[in-house]
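Have a look at my_file38.cif; it's mmCIF, C-alpha atoms:
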```
data_model
#
loop_
_atom_site.label_atom_id
_atom_site.label_comp_id
_atom_site.auth_asym_id
_atom_site.auth_seq_id
_atom_site.Cartn_x
_atom_site.Cartn_y
_atom_site.Cartn_z
CA MET A 116 89.96 93.61 90.72
CA ASP A 117 92.38 96.37 91.70
CA ILE A 118 91.88 99.99 90.71
CA LEU A 119 94.57 99.97 87.99
CA SER A 120 92.95 96.97 86.28
CA SER A 121 89.57 98.75 86.29
CA LEU A 122 91.15 101.89 84.86
CA LEU A 123 92.92 99.88 82.16
CA SER A 124 89.64 98.18 81.21
CA TRP A 125 87.93 101.58 80.85
CA LEU A 126 90.91 102.79 78.89
CA LEU A 127 90.65 99.93 76.39
CA LEU A 128 86.88 100.31 76.17
CA TYR A 129 86.51 104.09 75.91
CA LYS A 130 90.02 105.00 74.80
CA TYR A 131 90.63 108.78 74.66
CA ALA A 132 87.45 109.72 76.58
CA ALA A 133 88.60 107.48 79.45
CA LEU A 134 92.13 108.85 79.24
CA PHE A 135 90.79 112.39 79.54
CA ALA A 136 88.44 111.54 82.44
CA ILE A 137 91.08 109.62 84.42
CA VAL A 138 93.85 112.20 84.00
CA TYR A 139 91.44 115.06 84.77
CA SER A 140 90.13 113.36 87.94
CA GLY A 141 93.68 112.55 89.05
CA ALA A 142 94.81 116.14 88.53
CA LEU A 143 91.78 117.56 90.33
CA LEU A 144 91.70 115.46 93.48
CA LEU A 145 91.32 111.70 93.17
CA PRO A 146 94.35 109.60 94.16
CA LEU A 147 94.48 107.49 90.99
CA PRO A 148 97.53 105.60 89.66
CA VAL A 149 97.81 107.99 86.71
CA ASN A 150 101.56 107.41 86.18
CA ALA A 151 101.18 103.65 85.82
CA MET A 152 98.23 104.24 83.52
CA LEU A 153 100.24 106.60 81.30
CA LEU A 154 102.97 103.96 81.12
CA ALA A 155 100.31 101.54 79.84
CA VAL A 156 98.97 104.08 77.31
CA GLY A 157 102.53 104.54 76.03
CA ALA A 158 102.82 100.77 75.62
CA PHE A 159 99.42 100.63 73.84
CA SER A 160 100.71 103.37 71.51
CA SER A 161 103.71 101.22 70.60
CA GLN A 162 101.19 98.48 69.67
CA ASN A 163 99.25 100.99 67.52
CA TYR A 164 96.16 100.71 69.74
CA PHE A 165 96.52 104.36 70.76
CA ASN A 166 98.02 107.32 68.93
CA PHE A 167 101.02 108.56 70.91
CA TRP A 168 100.73 112.24 70.01
CA LEU A 169 96.96 112.38 70.46
CA SER A 170 97.33 110.64 73.85
CA LEU A 171 99.99 113.16 74.88
CA ALA A 172 97.81 116.10 73.79
CA ILE A 173 94.79 114.73 75.68
CA ALA A 174 96.86 113.97 78.80
CA VAL A 175 98.35 117.49 78.80
CA ILE A 176 94.98 119.20 78.25
CA ALA A 177 93.20 117.04 80.87
CA ASN A 178 96.00 117.54 83.40
CA THR A 179 96.03 121.30 82.86
CA LEU A 180 92.23 121.57 83.07
CA GLY A 181 92.21 119.45 86.26
CA ASP A 182 94.88 121.65 87.82
CA LEU A 183 93.04 124.77 86.70
CA SER A 184 89.79 123.50 88.25
CA GLY A 185 91.54 122.98 91.61
CA TYR A 186 93.06 126.44 91.34
CA ALA A 187 89.68 128.01 90.46
CA ILE A 188 87.84 126.28 93.33
CA THR A 189 90.17 127.64 96.01
CA ARG A 190 90.51 131.02 94.33
CA ARG A 191 86.72 131.36 94.56
CA TRP A 192 85.95 129.63 97.88
CA GLY A 193 89.36 129.05 99.50
CA THR A 194 89.35 132.11 101.75
CA THR A 195 85.92 131.20 103.16
CA VAL A 196 87.12 127.67 103.93
CA THR A 197 90.42 128.74 105.56
CA HIS A 198 88.52 131.26 107.71
CA ALA A 199 86.00 128.58 108.68
CA LEU A 200 88.80 126.13 109.58
CA ARG A 201 90.76 128.96 111.24
CA LEU A 202 93.83 128.01 109.21
CA ASN A 203 94.63 131.69 108.76
CA LYS A 204 95.50 131.82 112.48
CA PHE A 205 98.48 129.44 112.02
CA ALA A 206 101.78 131.28 111.48
CA PHE A 207 103.18 128.35 109.45
CA PHE A 208 100.23 128.47 107.09
CA LYS A 209 100.59 132.23 106.65
CA GLN A 210 104.33 131.88 105.99
CA LEU A 211 103.75 129.06 103.51
CA ALA A 212 101.13 131.11 101.67
CA GLU A 213 103.42 134.14 101.53
CA GLU A 214 106.38 132.13 100.24
CA PHE A 215 104.16 130.47 97.65
CA ARG A 216 102.99 133.84 96.38
CA THR A 217 106.51 135.25 96.01
CA ASP A 218 107.96 132.03 94.58
CA ALA A 219 104.95 130.98 92.49
CA ALA A 220 106.68 130.17 89.19
CA VAL A 221 109.28 127.76 90.63
CA THR A 222 106.83 126.16 93.05
CA VAL A 223 104.08 125.60 90.47
CA PHE A 224 106.56 124.16 87.95
CA THR A 225 108.45 121.85 90.32
CA THR A 226 105.36 120.53 92.09
CA ARG A 227 104.07 119.17 88.74
CA PHE A 228 106.45 116.26 89.35
CA ALA A 229 105.38 115.66 92.95
CA SER A 230 102.26 113.52 92.25
CA SER A 231 99.67 114.32 94.95
CA LEU A 232 101.54 117.42 96.13
CA SER A 233 100.68 119.02 92.80
CA THR A 234 96.98 118.90 93.80
CA ILE A 235 97.79 120.62 97.11
CA SER A 236 99.93 123.11 95.21
CA ASN A 237 97.00 123.91 92.87
CA PHE A 238 94.70 124.56 95.81
CA LEU A 239 97.33 126.70 97.52
CA ALA A 240 98.00 128.68 94.32
CA GLY A 241 94.30 129.53 94.04
CA LEU A 242 94.10 130.37 97.71
CA VAL A 243 96.98 132.86 97.67
CA LYS A 244 95.75 134.18 94.33
CA VAL A 245 98.79 133.47 92.18
CA PRO A 246 98.19 135.33 88.85
CA ILE A 247 96.31 132.99 86.54
CA ALA A 248 98.72 133.60 83.62
CA THR A 249 101.73 132.60 85.78
CA PHE A 250 99.93 129.51 87.07
CA LEU A 251 98.71 128.44 83.64
CA PHE A 252 102.09 128.92 81.93
CA TYR A 253 104.22 126.97 84.43
CA ASP A 254 101.51 124.38 84.94
CA PHE A 255 101.27 123.76 81.20
CA ILE A 256 105.05 123.45 80.74
CA GLY A 257 105.30 121.01 83.66
CA ASN A 258 102.32 119.07 82.36
CA ILE A 259 103.98 118.51 78.99
CA ILE A 260 107.08 117.03 80.61
CA GLU A 261 105.41 114.81 83.23
CA PRO A 262 102.91 112.80 81.13
CA GLY A 263 105.35 112.97 78.22
CA ALA A 264 107.92 111.07 80.28
CA GLY A 265 105.41 108.40 81.33
CA LEU A 266 104.09 107.90 77.81
CA SER A 267 107.57 107.80 76.25
CA LEU A 268 108.83 105.25 78.74
CA GLY A 269 105.75 103.11 78.15
CA TYR A 270 106.31 103.37 74.40
CA LEU A 271 109.93 102.29 74.82
CA VAL A 272 109.29 99.26 77.03
CA GLY A 273 106.25 98.27 74.92
CA ASN A 274 104.85 94.83 75.70
CA TYR A 275 106.93 94.66 78.88
CA TRP A 276 105.39 97.75 80.50
CA ASN A 277 103.88 95.68 83.31
CA ASP A 278 107.32 94.41 84.41
CA PHE A 279 108.61 97.98 84.61
CA SER A 280 105.58 99.60 86.30
CA GLY A 281 106.86 98.84 89.84
CA THR A 282 110.24 100.46 89.12
CA PHE A 283 108.50 103.40 87.47
CA GLU A 284 106.21 103.89 90.49
CA ILE A 285 109.20 103.91 92.86
CA ALA A 286 111.09 106.33 90.57
CA SER A 287 108.01 108.62 90.56
CA GLY A 288 107.93 108.43 94.36
CA ILE A 289 111.63 109.38 94.56
CA ILE A 290 111.07 112.38 92.29
CA ALA A 291 107.97 113.42 94.28
CA VAL A 292 109.79 113.28 97.64
CA ALA A 293 112.83 115.07 96.16
CA VAL A 294 110.56 117.86 94.86
CA ILE A 295 108.83 118.21 98.25
CA ILE A 296 112.26 118.45 99.93
CA PHE A 297 113.36 121.04 97.36
CA VAL A 298 110.23 123.19 97.85
CA LEU A 299 110.41 123.00 101.66
CA ALA A 300 114.16 123.68 101.72
CA ARG A 301 113.54 126.77 99.57
CA ILE A 302 110.83 127.97 101.93
CA SER A 303 113.12 127.34 104.93
CA HIS A 304 115.95 129.22 103.18
CA ASN A 305 113.68 132.18 102.38
CA ILE A 306 112.43 132.34 105.97
CA ALA A 307 116.04 132.27 107.21
CA LYS A 308 116.93 135.10 104.82
CA LYS A 309 114.08 137.22 106.14
CA TYR A 310 115.03 136.31 109.70
CA LYS A 311 118.59 137.55 109.10
CA ASN A 312 117.62 140.70 107.19
CA PRO A 313 114.14 141.78 108.29
CA ALA A 314 113.00 144.34 105.70
CA MET B 298 108.59 138.02 117.95
CA SER B 299 111.80 136.95 116.25
CA GLN B 300 111.40 133.46 117.77
CA LYS B 301 108.50 132.61 115.44
CA PRO B 302 110.42 132.31 112.16
CA LYS B 303 113.03 130.24 113.97
CA ASN B 304 110.37 127.81 115.17
CA GLU B 305 108.89 127.62 111.69
CA ARG B 306 112.33 126.85 110.29
CA HIS B 307 112.82 124.09 112.84
CA PHE B 308 109.44 122.65 111.89
CA ILE B 309 110.32 122.71 108.19
CA ASP B 310 113.78 121.25 108.88
CA TRP B 311 112.16 118.35 110.73
CA ILE B 312 109.85 117.69 107.79
CA VAL B 313 112.80 117.87 105.37
CA ALA B 314 114.83 115.46 107.52
CA THR B 315 111.91 112.99 107.67
CA LEU B 316 111.43 113.25 103.92
CA GLY B 317 115.17 112.69 103.49
CA VAL B 318 114.82 109.37 105.31
CA ILE B 319 111.81 108.46 103.14
CA LEU B 320 113.85 109.36 100.05
CA ALA B 321 116.72 107.11 101.19
CA VAL B 322 114.27 104.22 101.74
CA LEU B 323 112.72 104.77 98.31
CA LEU B 324 116.18 104.83 96.69
CA PHE B 325 117.00 101.56 98.43
CA PHE B 326 113.82 99.96 97.02
CA PHE B 327 114.50 101.44 93.60
CA VAL B 328 117.98 99.91 93.44
CA ARG B 329 116.60 96.59 94.71
CA GLN B 330 113.82 96.60 92.11
CA TYR B 331 116.29 97.46 89.34
CA ARG B 332 118.59 94.64 90.43
CA THR B 333 115.68 92.22 90.45
CA LEU B 334 114.86 93.22 86.89
CA GLN B 335 118.52 92.79 85.95
CA ARG B 336 118.73 89.41 87.68
CA GLU B 337 115.66 88.25 85.83
CA GLU B 338 117.48 89.46 82.70
CA LEU B 339 114.43 91.50 81.82
CA ILE B 340 116.38 94.64 81.05
CA ALA B 341 118.91 92.86 78.84
CA THR B 342 116.16 90.82 77.17
CA HIS B 343 114.12 93.94 76.62
CA ARG B 344 117.06 95.78 75.04
CA ALA B 345 117.63 92.91 72.64
CA MET B 346 113.96 92.39 71.89
CA THR B 347 113.02 96.03 71.36
CA SER B 348 115.03 96.30 68.19
CA ALA B 349 113.91 92.86 67.06
CA LEU B 350 110.25 93.66 67.68
CA ARG B 351 110.49 96.98 65.89
CA ASN B 352 111.95 95.31 62.80
CA HIS B 353 110.02 92.03 62.92
CA PRO B 354 106.84 92.42 64.93
CA LEU B 355 106.23 88.68 65.18
CA LEU B 356 104.33 87.30 68.10
CA ILE B 357 104.79 83.85 69.55
CA ALA B 358 102.41 81.49 71.37
CA ASN B 359 104.12 82.23 74.69
CA ASP B 360 102.93 85.85 74.43
CA ALA B 361 99.47 84.53 75.34
CA ASP B 362 100.78 84.52 78.94
CA THR B 363 100.68 88.32 78.87
CA ILE B 364 96.88 88.31 78.48
CA ARG B 365 95.07 89.71 81.53
CA SER B 366 91.39 89.59 82.45
CA TRP B 367 91.02 93.40 82.19
CA MET B 368 91.89 93.27 78.49
CA THR B 369 89.18 93.64 75.84
CA PHE B 370 88.69 91.25 72.93
CA ASP B 371 89.11 94.19 70.57
CA TYR B 372 92.58 94.81 72.02
CA LEU B 373 93.50 91.10 71.89
CA ASN B 374 92.41 90.82 68.25
CA GLY B 375 94.60 93.77 67.34
CA PHE B 376 97.54 92.76 69.51
CA PHE B 377 97.71 89.15 68.30
CA LYS B 378 96.60 90.08 64.79
CA MET B 379 93.77 87.58 64.86
CA PRO B 380 90.70 87.67 62.59
CA PRO B 381 88.01 89.76 64.37
CA ASP B 382 85.60 86.83 64.78
CA TYR B 383 88.15 84.15 65.72
CA LEU B 384 87.71 84.44 69.50
CA LYS B 385 83.97 85.09 69.15
CA ASN B 386 83.46 81.81 67.30
CA ARG B 387 85.91 79.71 69.30
CA LEU B 388 84.58 80.87 72.67
CA SER B 389 80.93 81.03 71.49
CA ILE B 390 80.52 84.63 72.59
CA SER B 391 76.97 85.84 72.01
CA ASP B 392 77.17 89.22 73.76
CA PRO B 393 76.40 91.96 71.18
CA ALA B 394 79.03 94.15 72.89
CA TYR B 395 81.79 91.92 71.43
CA PRO B 396 84.61 92.86 70.72
CA LYS B 397 84.25 95.93 72.97
CA MET B 398 84.06 93.86 76.15
CA THR B 399 86.58 92.67 78.70
CA ILE B 400 87.42 89.08 79.62
CA ASN B 401 86.03 89.87 83.09
CA LYS B 402 82.67 90.84 81.54
CA PHE B 403 82.65 87.64 79.46
CA ALA B 404 83.40 85.60 82.61
CA LYS B 405 80.43 87.26 84.33
CA ASP B 406 78.18 86.52 81.32
CA ILE B 407 79.01 82.82 81.32
CA ARG B 408 79.08 82.66 85.15
CA GLN B 409 82.66 81.49 85.41
CA THR B 410 85.53 82.81 87.48
CA PRO B 411 87.70 85.42 85.71
CA SER B 412 90.80 83.24 86.22
CA SER B 413 89.32 80.15 84.55
CA THR B 414 87.97 82.26 81.67
CA LEU B 415 91.38 83.88 81.33
CA VAL B 416 93.04 80.46 80.99
CA GLU B 417 90.43 79.52 78.38
CA VAL B 418 91.15 82.67 76.37
CA GLN B 419 94.93 82.14 76.65
CA ASN B 420 94.57 78.56 75.39
CA THR B 421 92.40 79.71 72.50
CA VAL B 422 95.03 82.27 71.50
CA ARG B 423 97.74 79.55 71.74
CA GLN B 424 95.63 77.35 69.49
CA PHE B 425 95.50 80.19 66.98
CA PHE B 426 99.30 80.21 66.87
CA ALA B 427 99.43 76.43 66.75
CA SER B 428 96.93 76.18 63.86
CA SER B 429 98.93 78.57 61.74
CA SER B 430 102.63 79.32 62.22
CA ALA B 431 103.36 82.79 63.62
CA PRO B 432 104.70 84.32 60.38
CA GLU B 433 101.67 83.06 58.47
CA ALA B 434 99.36 84.40 61.16
CA ASN B 435 100.90 87.79 60.79
CA THR B 436 100.90 87.92 57.04
CA SER B 437 97.35 86.60 56.76
CA SER B 438 95.98 89.44 58.86
CA THR B 439 97.92 92.26 57.20
#
```

Using structure tokens, write down the structure that the file contains.
Amino acid sequence: MDILSSLLSWLLLYKYAALFAIVYSGALLLPLPVNAMLLAVGAFSSQNYFNFWLSLAIAVIANTLGDLSGYAITRRWGTTVTHALRLNKFAFFKQLAEEFRTDAAVTVFTTRFASSLSTISNFLAGLVKVPIATFLFYDFIGNIIEPGAGLSLGYLVGNYWNDFSGTFEIASGIIAVAVIIFVLARISHNIAKKYKNPA
Amino acid sequence: MSQKPKNERHFIDWIVATLGVILAVLLFFFVRQYRTLQREELIATHRAMTSALRNHPLLIANDADTIRSWMTFDYLNGFFKMPPDYLKNRLSISDPAYPKMTINKFAKDIRQTPSSTLVEVQNTVRQFFASSSAPEANTSST
């Protein structure tokens, strides 16, 4: 039985508790097919097995708490780990951290749509000590849009969600790669700007 | 000193270029997947059926094909609007966890393969539709 089938079984058995646990674990670290699962929850909502608005609220809260946990872990222990791994010696890492700090709002918001990059972004935000209010605000806004899109699409396709899950996964991948390109291009642009006009 | 940022930029540009290629590949697969769905007339069928289903949520015997072994009996009862004990009686389920159990769990209980149990459940649901016409099945449960 594949992982999505197991998740869907738990979802049907434990409903909102399972939804919370899966979304939270996915946001924190585990590479779970959360997007496909949200598509299914949207479809279950159209069949009145789940409540759409309650599912959306739980998904947003779980996602935000998962992101916040990742942020808190690296904010507390991140410096110790980077020193131990000697990451702070790499110029690229330093530059990335600096750019993240100065461009926190855009980076936090856009990386919400970049699947597993959002986890890395949470860890990095904690590490470079992005103000918690900034992180929480942009994280929350992004988290409303992302699961909201998955749930709504699932609700729209209803009983046929399974036929559309492949297309949805590819579309999510396209968005994720596009976001990574956007973030990196911005960093590259900022470095070039500093290179031209060193302050 | 000024060489460092230039090197970093080159590194980032390489990553961006690689990701650009990945993006192009993903777009290719996306278009292919969409065309497959179109060819199978799933998108057109879905558009037509969405409005029909919203207005007349009638299920037909063929919908039993959508049953999967990860589904719970509780979900199936609700989805097909069957009486809560219909599947329990027809499949002689004695597990006290019913209806909060999956078809996989039932297959394990009766020491059968999930696929054969799935077929059995699908046939039982089809029989439900056969024994009473779909509209009657829907009205009787509401």

message = Just want the 9 Å neighbourhood of stretch 170-175 of chain A, counted on all atoms listed in the file, with same-chain residues fewer than 6 positions away dropped. Output as a PyMOL selection string.
response = chain A and resi 131-132+134-135+138-139+153+156-157+160+255+258-263+266

message = Here's the selection I'm unsure about, the PyMOL selection byres ((chain B) within 6 of (chain A)); applied to the file above, which residues does it give, as a PyMOL selection string?
response = chain B and resi 306+313+320+327+367

ask   = atom CA of B:Gly375 and atom CA of B:Met398, how far apart in Å?
value =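 So the two atoms, atom CA of B:Met398 and atom CA of B:Gly375, lie 13.7 Å apart.
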
task = Find the residue from B:Ile312, B:Arg329, B:Thr421, B:Ile319 that sits nearest to B:Arg387; use only C-alpha atoms when measuring.
result = B:Thr421

message = To one decimal place in Å, what is the distance between atom CA of B:Arg423 and atom CA of B:Asp362?
response = 9.3 Å

With all atoms of stretch 257-269 of chain A from the file as input, state the centre and edge lengths in Å to one decimal of the axis-aligned box that has 6 Å extra on each side, as AutoDock Vina command-line options.
```
--center_x 105.6 --center_y 112.1 --center_z 80.0 --size_x 18.5 --size_y 29.9 --size_z 19.4
```
